[in-house]
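Next up, protein.cif (mmCIF, C-alpha atoms, pLDDT in the B column; chains and numbers go by the auth columns):
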```cif
data_upload
loop_
_atom_site.group_PDB
_atom_site.id
_atom_site.type_symbol
_atom_site.label_atom_id
_atom_site.label_comp_id
_atom_site.label_asym_id
_atom_site.label_seq_id
_atom_site.Cartn_x
_atom_site.Cartn_y
_atom_site.Cartn_z
_atom_site.B_iso_or_equiv
_atom_site.auth_seq_id
_atom_site.auth_asym_id
ATOM 1 C CA MET A 1 -9.922 -66.103 -15.469 54.00 1 A
ATOM 2 C CA PHE A 2 -6.746 -65.731 -17.502 58.00 2 A
ATOM 3 C CA MET A 3 -7.524 -62.115 -18.268 62.00 3 A
ATOM 4 C CA ASN A 4 -8.088 -61.383 -14.585 68.00 4 A
ATOM 5 C CA ILE A 5 -4.521 -62.289 -13.653 71.00 5 A
ATOM 6 C CA LEU A 6 -3.280 -59.951 -16.384 73.00 6 A
ATOM 7 C CA ARG A 7 -5.410 -57.002 -15.329 76.00 7 A
ATOM 8 C CA ARG A 8 -3.518 -53.793 -14.690 75.00 8 A
ATOM 9 C CA LYS A 9 -4.025 -50.702 -12.581 73.00 9 A
ATOM 10 C CA SER A 10 -4.159 -47.488 -14.511 72.00 10 A
ATOM 11 C CA PHE A 11 -1.755 -44.631 -13.881 73.00 11 A
ATOM 12 C CA ASP A 12 -4.574 -42.448 -12.520 74.00 12 A
ATOM 13 C CA ASP A 13 -5.809 -45.164 -10.130 74.00 13 A
ATOM 14 C CA LEU A 14 -2.333 -45.660 -8.686 72.00 14 A
ATOM 15 C CA LEU A 15 -1.833 -41.939 -8.175 72.00 15 A
ATOM 16 C CA ALA A 16 -5.257 -41.579 -6.564 72.00 16 A
ATOM 17 C CA HIS A 17 -4.578 -44.492 -4.206 69.00 17 A
ATOM 18 C CA THR A 18 -1.213 -42.978 -3.279 66.00 18 A
ATOM 19 C CA GLN A 19 -2.811 -39.622 -2.501 64.00 19 A
ATOM 20 C CA GLU A 20 -5.367 -41.312 -0.232 63.00 20 A
ATOM 21 C CA LYS A 21 -2.732 -43.235 1.750 64.00 21 A
ATOM 22 C CA LYS A 22 0.239 -40.964 1.348 67.00 22 A
ATOM 23 C CA LEU A 23 3.366 -41.902 3.286 68.00 23 A
ATOM 24 C CA ASN A 24 5.177 -39.179 5.194 73.00 24 A
ATOM 25 C CA LYS A 25 8.445 -38.145 3.562 75.00 25 A
ATOM 26 C CA ALA A 26 10.833 -38.461 6.494 76.00 26 A
ATOM 27 C CA LEU A 27 14.041 -38.797 4.465 80.00 27 A
ATOM 28 C CA GLY A 28 15.769 -36.276 2.242 82.00 28 A
ATOM 29 C CA ALA A 29 18.121 -36.787 -0.689 84.00 29 A
ATOM 30 C CA PHE A 30 21.171 -36.799 1.596 87.00 30 A
ATOM 31 C CA ASP A 31 19.682 -39.512 3.831 86.00 31 A
ATOM 32 C CA ILE A 32 18.744 -41.619 0.810 84.00 32 A
ATOM 33 C CA THR A 33 22.290 -41.290 -0.546 85.00 33 A
ATOM 34 C CA LEU A 34 23.787 -42.330 2.783 86.00 34 A
ATOM 35 C CA MET A 35 21.333 -45.222 2.947 83.00 35 A
ATOM 36 C CA GLY A 36 22.641 -46.444 -0.400 80.00 36 A
ATOM 37 C CA LEU A 37 26.229 -46.064 0.789 82.00 37 A
ATOM 38 C CA GLY A 38 25.368 -47.873 3.997 79.00 38 A
ATOM 39 C CA ILE A 39 24.038 -50.819 2.005 75.00 39 A
ATOM 40 C CA ILE A 40 27.055 -50.933 -0.333 74.00 40 A
ATOM 41 C CA ILE A 41 29.743 -50.382 2.294 75.00 41 A
ATOM 42 C CA GLY A 42 28.679 -53.252 4.479 67.00 42 A
ATOM 43 C CA THR A 43 29.170 -56.947 4.897 61.00 43 A
ATOM 44 C CA GLY A 44 29.034 -57.518 1.150 65.00 44 A
ATOM 45 C CA ILE A 45 31.887 -55.180 0.284 70.00 45 A
ATOM 46 C CA PHE A 46 34.061 -56.370 3.179 70.00 46 A
ATOM 47 C CA VAL A 47 33.446 -60.108 2.879 69.00 47 A
ATOM 48 C CA LEU A 48 32.681 -60.774 -0.788 74.00 48 A
ATOM 49 C CA THR A 49 35.718 -58.879 -2.045 81.00 49 A
ATOM 50 C CA GLY A 50 38.013 -61.508 -0.557 80.00 50 A
ATOM 51 C CA ILE A 51 35.809 -64.378 -1.703 80.00 51 A
ATOM 52 C CA GLY A 52 35.609 -62.983 -5.241 83.00 52 A
ATOM 53 C CA ALA A 53 39.371 -62.582 -5.455 85.00 53 A
ATOM 54 C CA ALA A 54 40.182 -65.997 -3.973 85.00 54 A
ATOM 55 C CA LYS A 55 37.650 -68.156 -5.812 88.00 55 A
ATOM 56 C CA TYR A 56 36.712 -66.344 -9.007 90.00 56 A
ATOM 57 C CA ALA A 57 38.749 -63.465 -10.418 90.00 57 A
ATOM 58 C CA GLY A 58 42.085 -63.139 -8.614 90.00 58 A
ATOM 59 C CA PRO A 59 43.680 -59.713 -9.153 92.00 59 A
ATOM 60 C CA GLY A 60 41.246 -59.246 -12.049 91.00 60 A
ATOM 61 C CA LEU A 61 38.641 -58.510 -9.397 90.00 61 A
ATOM 62 C CA MET A 62 39.348 -54.826 -9.982 91.00 62 A
ATOM 63 C CA LEU A 63 37.781 -55.290 -13.430 93.00 63 A
ATOM 64 C CA SER A 64 34.864 -57.080 -11.779 92.00 64 A
ATOM 65 C CA PHE A 65 34.281 -53.967 -9.689 90.00 65 A
ATOM 66 C CA VAL A 66 34.116 -51.858 -12.851 92.00 66 A
ATOM 67 C CA PHE A 67 31.668 -54.193 -14.604 94.00 67 A
ATOM 68 C CA ALA A 68 29.503 -54.489 -11.467 90.00 68 A
ATOM 69 C CA ALA A 69 29.423 -50.698 -11.151 89.00 69 A
ATOM 70 C CA ILE A 70 28.372 -50.314 -14.798 93.00 70 A
ATOM 71 C CA THR A 71 25.635 -52.912 -14.324 91.00 71 A
ATOM 72 C CA CYS A 72 24.357 -51.162 -11.214 87.00 72 A
ATOM 73 C CA ALA A 73 24.421 -47.819 -13.045 90.00 73 A
ATOM 74 C CA PHE A 74 22.019 -49.176 -15.680 92.00 74 A
ATOM 75 C CA VAL A 75 19.777 -50.582 -12.936 88.00 75 A
ATOM 76 C CA CYS A 76 19.786 -47.175 -11.234 86.00 76 A
ATOM 77 C CA LEU A 77 18.869 -45.423 -14.474 90.00 77 A
ATOM 78 C CA ALA A 78 15.993 -47.854 -15.048 87.00 78 A
ATOM 79 C CA TYR A 79 14.647 -47.336 -11.531 85.00 79 A
ATOM 80 C CA SER A 80 15.044 -43.571 -11.850 86.00 80 A
ATOM 81 C CA GLU A 81 13.021 -43.556 -15.044 87.00 81 A
ATOM 82 C CA LEU A 82 10.306 -45.749 -13.523 83.00 82 A
ATOM 83 C CA ALA A 83 10.154 -43.644 -10.356 83.00 83 A
ATOM 84 C CA SER A 84 9.834 -40.402 -12.308 83.00 84 A
ATOM 85 C CA PHE A 85 7.208 -41.860 -14.637 81.00 85 A
ATOM 86 C CA LEU A 86 5.185 -43.495 -11.838 81.00 86 A
ATOM 87 C CA PRO A 87 5.925 -41.614 -8.590 80.00 87 A
ATOM 88 C CA VAL A 88 4.109 -43.958 -6.213 79.00 88 A
ATOM 89 C CA SER A 89 5.177 -46.328 -3.448 77.00 89 A
ATOM 90 C CA GLY A 90 5.602 -50.036 -4.036 78.00 90 A
ATOM 91 C CA SER A 91 8.884 -50.200 -5.945 81.00 91 A
ATOM 92 C CA SER A 92 9.128 -52.942 -8.607 84.00 92 A
ATOM 93 C CA TYR A 93 5.820 -54.462 -7.525 85.00 93 A
ATOM 94 C CA THR A 94 3.880 -51.355 -8.524 84.00 94 A
ATOM 95 C CA TYR A 95 5.800 -50.917 -11.776 85.00 95 A
ATOM 96 C CA ALA A 96 5.192 -54.537 -12.799 85.00 96 A
ATOM 97 C CA TYR A 97 1.505 -54.360 -11.773 84.00 97 A
ATOM 98 C CA ALA A 98 0.934 -51.211 -13.815 82.00 98 A
ATOM 99 C CA SER A 99 2.820 -52.302 -16.933 81.00 99 A
ATOM 100 C CA LEU A 100 2.569 -56.105 -17.181 84.00 100 A
ATOM 101 C CA GLY A 101 -0.378 -57.136 -15.046 84.00 101 A
ATOM 102 C CA GLU A 102 -1.386 -58.417 -11.619 84.00 102 A
ATOM 103 C CA ILE A 103 0.265 -61.846 -11.854 87.00 103 A
ATOM 104 C CA PHE A 104 3.631 -60.277 -12.704 88.00 104 A
ATOM 105 C CA GLY A 105 3.222 -57.751 -9.893 87.00 105 A
ATOM 106 C CA TRP A 106 2.496 -60.613 -7.497 89.00 106 A
ATOM 107 C CA TRP A 107 5.565 -62.486 -8.731 91.00 107 A
ATOM 108 C CA VAL A 108 7.839 -59.453 -8.452 90.00 108 A
ATOM 109 C CA GLY A 109 6.463 -58.535 -5.019 90.00 109 A
ATOM 110 C CA TRP A 110 7.238 -61.939 -3.538 93.00 110 A
ATOM 111 C CA SER A 111 10.620 -61.930 -5.272 91.00 111 A
ATOM 112 C CA LEU A 112 11.402 -58.646 -3.499 88.00 112 A
ATOM 113 C CA ILE A 113 10.479 -60.181 -0.149 90.00 113 A
ATOM 114 C CA LEU A 114 12.751 -63.142 -0.911 90.00 114 A
ATOM 115 C CA GLU A 115 15.535 -60.791 -1.978 84.00 115 A
ATOM 116 C CA TYR A 116 15.331 -58.739 1.203 84.00 116 A
ATOM 117 C CA SER A 117 15.163 -61.881 3.354 85.00 117 A
ATOM 118 C CA VAL A 118 18.238 -63.430 1.752 83.00 118 A
ATOM 119 C CA GLY A 119 20.118 -60.115 1.817 79.00 119 A
ATOM 120 C CA ALA A 120 19.327 -59.484 5.479 81.00 120 A
ATOM 121 C CA SER A 121 20.317 -63.047 6.374 82.00 121 A
ATOM 122 C CA ALA A 122 23.639 -62.718 4.548 77.00 122 A
ATOM 123 C CA VAL A 123 24.432 -59.394 6.222 77.00 123 A
ATOM 124 C CA ALA A 124 23.465 -60.728 9.659 82.00 124 A
ATOM 125 C CA GLY A 125 25.560 -63.844 9.101 80.00 125 A
ATOM 126 C CA GLY A 126 28.568 -61.788 8.008 76.00 126 A
ATOM 127 C CA TRP A 127 28.224 -59.467 10.986 79.00 127 A
ATOM 128 C CA SER A 128 27.989 -62.463 13.282 83.00 128 A
ATOM 129 C CA ALA A 129 31.174 -63.933 11.798 80.00 129 A
ATOM 130 C CA TYR A 130 32.999 -60.647 12.424 80.00 130 A
ATOM 131 C CA PHE A 131 31.769 -60.501 15.999 83.00 131 A
ATOM 132 C CA VAL A 132 32.723 -64.115 16.721 85.00 132 A
ATOM 133 C CA GLY A 133 36.150 -63.446 15.173 83.00 133 A
ATOM 134 C CA ILE A 134 36.677 -60.414 17.411 84.00 134 A
ATOM 135 C CA LEU A 135 35.758 -62.462 20.488 85.00 135 A
ATOM 136 C CA HIS A 136 38.162 -65.193 19.362 84.00 136 A
ATOM 137 C CA SER A 137 40.996 -62.675 19.026 85.00 137 A
ATOM 138 C CA CYS A 138 40.231 -61.612 22.612 86.00 138 A
ATOM 139 C CA GLY A 139 40.503 -65.202 23.807 84.00 139 A
ATOM 140 C CA ILE A 140 36.764 -65.831 24.025 84.00 140 A
ATOM 141 C CA ASP A 141 35.446 -68.768 22.003 83.00 141 A
ATOM 142 C CA LEU A 142 31.686 -69.179 21.766 80.00 142 A
ATOM 143 C CA PRO A 143 30.309 -72.727 21.594 83.00 143 A
ATOM 144 C CA LYS A 144 29.437 -73.694 18.031 80.00 144 A
ATOM 145 C CA ALA A 145 25.755 -73.835 18.931 77.00 145 A
ATOM 146 C CA LEU A 146 25.857 -70.146 19.930 79.00 146 A
ATOM 147 C CA THR A 147 27.789 -68.709 16.982 80.00 147 A
ATOM 148 C CA ALA A 148 24.519 -67.819 15.239 80.00 148 A
ATOM 149 C CA VAL A 149 23.162 -65.915 18.254 83.00 149 A
ATOM 150 C CA PRO A 150 24.877 -62.607 17.298 86.00 150 A
ATOM 151 C CA ALA A 151 23.170 -62.785 13.895 86.00 151 A
ATOM 152 C CA VAL A 152 19.763 -63.147 15.551 87.00 152 A
ATOM 153 C CA LEU A 153 20.510 -60.284 17.936 88.00 153 A
ATOM 154 C CA ILE A 154 21.551 -57.863 15.171 86.00 154 A
ATOM 155 C CA VAL A 155 18.322 -58.638 13.277 86.00 155 A
ATOM 156 C CA VAL A 156 16.275 -57.981 16.430 89.00 156 A
ATOM 157 C CA LEU A 157 18.125 -54.713 17.125 89.00 157 A
ATOM 158 C CA ALA A 158 17.750 -53.507 13.532 85.00 158 A
ATOM 159 C CA THR A 159 14.044 -54.361 13.582 88.00 159 A
ATOM 160 C CA ALA A 160 13.567 -52.524 16.868 90.00 160 A
ATOM 161 C CA LEU A 161 15.330 -49.474 15.449 87.00 161 A
ATOM 162 C CA LEU A 162 13.054 -49.454 12.404 84.00 162 A
ATOM 163 C CA VAL A 163 9.997 -49.764 14.631 87.00 163 A
ATOM 164 C CA VAL A 164 11.127 -46.691 16.573 87.00 164 A
ATOM 165 C CA GLY A 165 11.065 -44.624 13.395 83.00 165 A
ATOM 166 C CA VAL A 166 12.527 -44.079 9.943 83.00 166 A
ATOM 167 C CA ARG A 167 14.115 -40.761 10.869 84.00 167 A
ATOM 168 C CA GLU A 168 15.845 -42.285 13.899 85.00 168 A
ATOM 169 C CA SER A 169 17.093 -45.147 11.747 85.00 169 A
ATOM 170 C CA ALA A 170 18.510 -42.626 9.283 85.00 170 A
ATOM 171 C CA HIS A 171 20.419 -40.863 12.086 87.00 171 A
ATOM 172 C CA VAL A 172 21.985 -44.149 13.197 87.00 172 A
ATOM 173 C CA ASN A 173 22.772 -45.005 9.575 86.00 173 A
ATOM 174 C CA ARG A 174 24.611 -41.688 9.187 88.00 174 A
ATOM 175 C CA ILE A 175 26.900 -42.533 12.078 90.00 175 A
ATOM 176 C CA LEU A 176 27.554 -46.054 10.786 86.00 176 A
ATOM 177 C CA VAL A 177 28.318 -44.804 7.271 88.00 177 A
ATOM 178 C CA TYR A 178 30.801 -42.265 8.593 90.00 178 A
ATOM 179 C CA VAL A 179 32.490 -44.998 10.636 87.00 179 A
ATOM 180 C CA LYS A 180 32.642 -47.381 7.669 84.00 180 A
ATOM 181 C CA ILE A 181 33.996 -44.764 5.269 87.00 181 A
ATOM 182 C CA GLY A 182 36.605 -43.791 7.857 89.00 182 A
ATOM 183 C CA THR A 183 37.534 -47.467 8.255 84.00 183 A
ATOM 184 C CA ILE A 184 38.031 -47.889 4.523 85.00 184 A
ATOM 185 C CA PHE A 185 40.231 -44.797 4.222 90.00 185 A
ATOM 186 C CA LEU A 186 42.217 -45.896 7.266 92.00 186 A
ATOM 187 C CA PHE A 187 42.735 -49.306 5.666 86.00 187 A
ATOM 188 C CA LEU A 188 43.847 -47.698 2.389 88.00 188 A
ATOM 189 C CA PHE A 189 46.246 -45.405 4.244 92.00 189 A
ATOM 190 C CA LEU A 190 47.811 -48.277 6.166 92.00 190 A
ATOM 191 C CA ALA A 191 47.808 -50.810 3.335 89.00 191 A
ATOM 192 C CA ALA A 192 48.955 -48.603 0.430 89.00 192 A
ATOM 193 C CA PRO A 193 52.678 -48.729 1.359 89.00 193 A
ATOM 194 C CA HIS A 194 52.525 -52.539 1.335 89.00 194 A
ATOM 195 C CA ILE A 195 51.093 -52.954 -2.165 87.00 195 A
ATOM 196 C CA GLU A 196 53.209 -55.380 -4.168 87.00 196 A
ATOM 197 C CA PRO A 197 52.360 -55.403 -7.917 87.00 197 A
ATOM 198 C CA MET A 198 54.224 -58.709 -8.284 87.00 198 A
ATOM 199 C CA ASN A 199 51.303 -60.337 -6.493 86.00 199 A
ATOM 200 C CA TRP A 200 49.086 -59.306 -9.408 88.00 200 A
ATOM 201 C CA GLN A 201 50.640 -61.952 -11.636 88.00 201 A
ATOM 202 C CA PRO A 202 48.906 -63.705 -13.251 90.00 202 A
ATOM 203 C CA PHE A 203 46.338 -60.940 -13.518 91.00 203 A
ATOM 204 C CA LEU A 204 43.569 -63.222 -14.810 91.00 204 A
ATOM 205 C CA PRO A 205 44.227 -66.643 -13.253 90.00 205 A
ATOM 206 C CA TYR A 206 40.649 -67.751 -13.983 90.00 206 A
ATOM 207 C CA GLY A 207 40.354 -66.012 -17.340 89.00 207 A
ATOM 208 C CA ILE A 208 37.731 -63.511 -18.393 91.00 208 A
ATOM 209 C CA HIS A 209 35.031 -65.946 -17.229 91.00 209 A
ATOM 210 C CA GLY A 210 36.385 -65.561 -13.697 91.00 210 A
ATOM 211 C CA VAL A 211 36.137 -61.787 -14.010 92.00 211 A
ATOM 212 C CA PHE A 212 32.458 -62.016 -14.930 93.00 212 A
ATOM 213 C CA ALA A 213 31.855 -64.568 -12.157 91.00 213 A
ATOM 214 C CA GLY A 214 33.415 -62.067 -9.765 90.00 214 A
ATOM 215 C CA THR A 215 31.122 -59.417 -11.223 91.00 215 A
ATOM 216 C CA ALA A 216 28.087 -61.494 -10.279 88.00 216 A
ATOM 217 C CA VAL A 217 29.402 -61.870 -6.736 85.00 217 A
ATOM 218 C CA LEU A 218 30.155 -58.164 -6.396 85.00 218 A
ATOM 219 C CA PHE A 219 26.739 -57.223 -7.778 84.00 219 A
ATOM 220 C CA PHE A 220 25.324 -58.596 -4.535 78.00 220 A
ATOM 221 C CA ALA A 221 27.837 -56.466 -2.627 75.00 221 A
ATOM 222 C CA TYR A 222 26.658 -53.344 -4.461 76.00 222 A
#
```

Could you quickly redo this structure as C-alpha cells?
Amino acid sequence: MFMNILRRKSFDDLLAHTQEKKLNKALGAFDITLMGLGIIIGTGIFVLTGIGAAKYAGPGLMLSFVFAAITCAFVCLAYSELASFLPVSGSSYTYAYASLGEIFGWWVGWSLILEYSVGASAVAGGWSAYFVGILHSCGIDLPKALTAVPAVLIVVLATALLVVGVRESAHVNRILVYVKIGTIFLFLFLAAPHIEPMNWQPFLPYGIHGVFAGTAVLFFAY
C-alpha cells in the first residue's frame, strides 16, 4: 500500500500520454509573455505595494522589490528546466508525480488549485474595491451587502471569456496589458516631479526584517 502511493510515471509514459491527448498550442511566446505581465501588473502590484510600504518595509520596499524579483527569477529558472526536461502538460503536478511519486503529485496538484483559488479571489476582491471606490468618487455608494457583487461579476466574466476560447482571452489580455502599462507610465510621468527624498527617512523604519516581510508580500504580487 505504501509503495503504491509512491509509484511514479516514467518519462516515456508521460510523453506517450501527452501525444495521445495533445492540447492545441493556441498561444505563442509573445502571448505567454504578455500573460505573465498581465498577472504581475494587476491588483497585486497596485494594491500590495502600498500595503507593503505602510505595514512592513517603508521606503525600503524598493529593496523588497529587488529581492522578490531575484526570488521569482530562480523560480522561473527552475520551471524552465523542468519544462524543458519534461515537456508535458500538468505543471508542478506532473513534475512531482514523475520525480517524487503519486502522493506528492496529488498534494502538489491540490495545492495548485488552492493557490489559483486564493489568487483569483484576491484579484477579484481588489478589483471590486477599485470599482466601489470609483462609484464612491462619483457620488454612488453601494450598500455594504452589495460591495462584493462586483467581485462575483468579474469572476463570472473572466470565466465566460475563458470558455469562449484561449486565443480570444489572449487578445483581451493584450489590450488590458497595454492599458495597464500605459497607466503605470502615466503615473510615473505625473508623479516623478513630486518625489521628495526627505520622505525616505528613515529608509528602514522596520529594519531588515521589514524588508524581507515586504518581499514575501510582493512575491504574491509578482

Quick one: which stretch 66-125 of chain A residues come within 9 Å of stretch 31-50 of chain A, and what is the nearest atom pair for each with the distance in Å to one decimal, counting all atoms listed in the file, rows ordered by chain and ascending number, as a Markdown table?
```
| residue | atom | partner | partner_atom | distance |
| --- | --- | --- | --- | --- |
| A:Ala122 | CA | A:Thr43 | CA | 8.0 |
| A:Val123 | CA | A:Thr43 | CA | 5.5 |
| A:Ala124 | CA | A:Thr43 | CA | 8.3 |
| A:Gly125 | CA | A:Thr43 | CA | 8.8 |
```

>> Selection in question (the file shown): the PyMOL selection byres ((chain A and resi 94) around 10). Which residues does it include, as a PyMOL selection string?
In response: chain A and resi 8-9+14+82+86-93+95-102+104-106+108-109

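Separating atom CA of A:Lys180 from atom CA of A:Asp141 is a distance of 25.9 Å.
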
> the PyMOL selection byres ((chain A and resi 154-170) around 9) on the file shown: which residues, as a ChimeraX atom specification?
Replying inline: /A:26-27,31-32,34-35,120-121,124,127-128,149-153,171-175

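If you look at atom CA of A:Val132 and atom CA of A:Ile51, they are 18.7 Å away from each other.
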
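Take atom CA of A:Gly52 and atom CA of A:Gly207: the distance between them is 13.3 Å.
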
> With only C-alpha atoms as the basis for distance, which of A:Ile181, A:Ile208, A:Phe219, A:Gln201 is at the shortest distance from A:Pro59?
Replying inline: A:Gln201

Write a file for stretch 93-155 of chain A of the given structure; include C-alpha atoms and format it as a PDB file, in the first residue's frame.
```
ATOM      1  CA  TYR A  93       1.660  18.213 -10.580  1.00  0.00           C
ATOM      2  CA  THR A  94       3.275  16.286 -13.426  1.00  0.00           C
ATOM      3  CA  TYR A  95       6.808  17.134 -12.308  1.00  0.00           C
ATOM      4  CA  ALA A  96       6.118  15.984  -8.741  1.00  0.00           C
ATOM      5  CA  TYR A  97       4.336  12.816  -9.953  1.00  0.00           C
ATOM      6  CA  ALA A  98       7.237  11.869 -12.211  1.00  0.00           C
ATOM      7  CA  SER A  99      10.037  12.618  -9.747  1.00  0.00           C
ATOM      8  CA  LEU A 100       8.683  12.031  -6.224  1.00  0.00           C
ATOM      9  CA  GLY A 101       5.635   9.822  -6.590  1.00  0.00           C
ATOM     10  CA  GLU A 102       1.848   9.833  -6.830  1.00  0.00           C
ATOM     11  CA  ILE A 103       1.121  11.082  -3.302  1.00  0.00           C
ATOM     12  CA  PHE A 104       3.357  14.123  -3.810  1.00  0.00           C
ATOM     13  CA  GLY A 105       1.776  14.783  -7.204  1.00  0.00           C
ATOM     14  CA  TRP A 106      -1.657  14.631  -5.576  1.00  0.00           C
ATOM     15  CA  TRP A 107      -0.523  17.027  -2.852  1.00  0.00           C
ATOM     16  CA  VAL A 108       1.018  19.486  -5.306  1.00  0.00           C
ATOM     17  CA  GLY A 109      -1.997  19.306  -7.630  1.00  0.00           C
ATOM     18  CA  TRP A 110      -4.453  20.256  -4.900  1.00  0.00           C
ATOM     19  CA  SER A 111      -2.052  22.929  -3.661  1.00  0.00           C
ATOM     20  CA  LEU A 112      -2.111  24.453  -7.156  1.00  0.00           C
ATOM     21  CA  ILE A 113      -5.909  24.502  -7.121  1.00  0.00           C
ATOM     22  CA  LEU A 114      -5.828  26.210  -3.717  1.00  0.00           C
ATOM     23  CA  GLU A 115      -3.239  28.689  -4.971  1.00  0.00           C
ATOM     24  CA  TYR A 116      -5.282  29.624  -8.026  1.00  0.00           C
ATOM     25  CA  SER A 117      -8.466  29.905  -5.950  1.00  0.00           C
ATOM     26  CA  VAL A 118      -6.878  32.217  -3.390  1.00  0.00           C
ATOM     27  CA  GLY A 119      -5.138  34.256  -6.099  1.00  0.00           C
ATOM     28  CA  ALA A 120      -8.318  34.682  -8.133  1.00  0.00           C
ATOM     29  CA  SER A 121     -10.265  35.642  -5.008  1.00  0.00           C
ATOM     30  CA  ALA A 122      -7.671  38.253  -4.041  1.00  0.00           C
ATOM     31  CA  VAL A 123      -7.625  39.759  -7.536  1.00  0.00           C
ATOM     32  CA  ALA A 124     -11.431  39.808  -7.722  1.00  0.00           C
ATOM     33  CA  GLY A 125     -11.637  41.400  -4.284  1.00  0.00           C
ATOM     34  CA  GLY A 126      -9.085  44.063  -5.217  1.00  0.00           C
ATOM     35  CA  TRP A 127     -10.877  44.821  -8.469  1.00  0.00           C
ATOM     36  CA  SER A 128     -14.149  45.094  -6.593  1.00  0.00           C
ATOM     37  CA  ALA A 129     -12.605  47.551  -4.126  1.00  0.00           C
ATOM     38  CA  TYR A 130     -11.385  49.710  -7.020  1.00  0.00           C
ATOM     39  CA  PHE A 131     -14.794  49.657  -8.660  1.00  0.00           C
ATOM     40  CA  VAL A 132     -16.618  50.527  -5.434  1.00  0.00           C
ATOM     41  CA  GLY A 133     -14.107  53.348  -4.857  1.00  0.00           C
ATOM     42  CA  ILE A 134     -14.742  54.755  -8.336  1.00  0.00           C
ATOM     43  CA  LEU A 135     -18.502  54.688  -7.732  1.00  0.00           C
ATOM     44  CA  HIS A 136     -17.974  56.425  -4.384  1.00  0.00           C
ATOM     45  CA  SER A 137     -15.951  59.189  -6.044  1.00  0.00           C
ATOM     46  CA  CYS A 138     -18.887  59.647  -8.441  1.00  0.00           C
ATOM     47  CA  GLY A 139     -21.294  60.017  -5.532  1.00  0.00           C
ATOM     48  CA  ILE A 140     -22.696  56.494  -5.727  1.00  0.00           C
ATOM     49  CA  ASP A 141     -22.418  54.410  -2.560  1.00  0.00           C
ATOM     50  CA  LEU A 142     -23.338  50.741  -2.796  1.00  0.00           C
ATOM     51  CA  PRO A 143     -24.947  49.128   0.259  1.00  0.00           C
ATOM     52  CA  LYS A 144     -22.416  47.132   2.256  1.00  0.00           C
ATOM     53  CA  ALA A 145     -24.211  43.908   1.381  1.00  0.00           C
ATOM     54  CA  LEU A 146     -23.602  44.576  -2.334  1.00  0.00           C
ATOM     55  CA  THR A 147     -19.938  45.601  -2.236  1.00  0.00           C
ATOM     56  CA  ALA A 148     -18.889  42.025  -3.033  1.00  0.00           C
ATOM     57  CA  VAL A 149     -21.141  41.805  -6.106  1.00  0.00           C
ATOM     58  CA  PRO A 150     -18.545  43.372  -8.474  1.00  0.00           C
ATOM     59  CA  ALA A 151     -16.056  40.689  -7.410  1.00  0.00           C
ATOM     60  CA  VAL A 152     -18.535  37.944  -8.302  1.00  0.00           C
ATOM     61  CA  LEU A 153     -19.310  39.593 -11.637  1.00  0.00           C
ATOM     62  CA  ILE A 154     -15.646  39.898 -12.671  1.00  0.00           C
ATOM     63  CA  VAL A 155     -15.114  36.196 -11.882  1.00  0.00           C
TER      64      VAL A 155
END
```
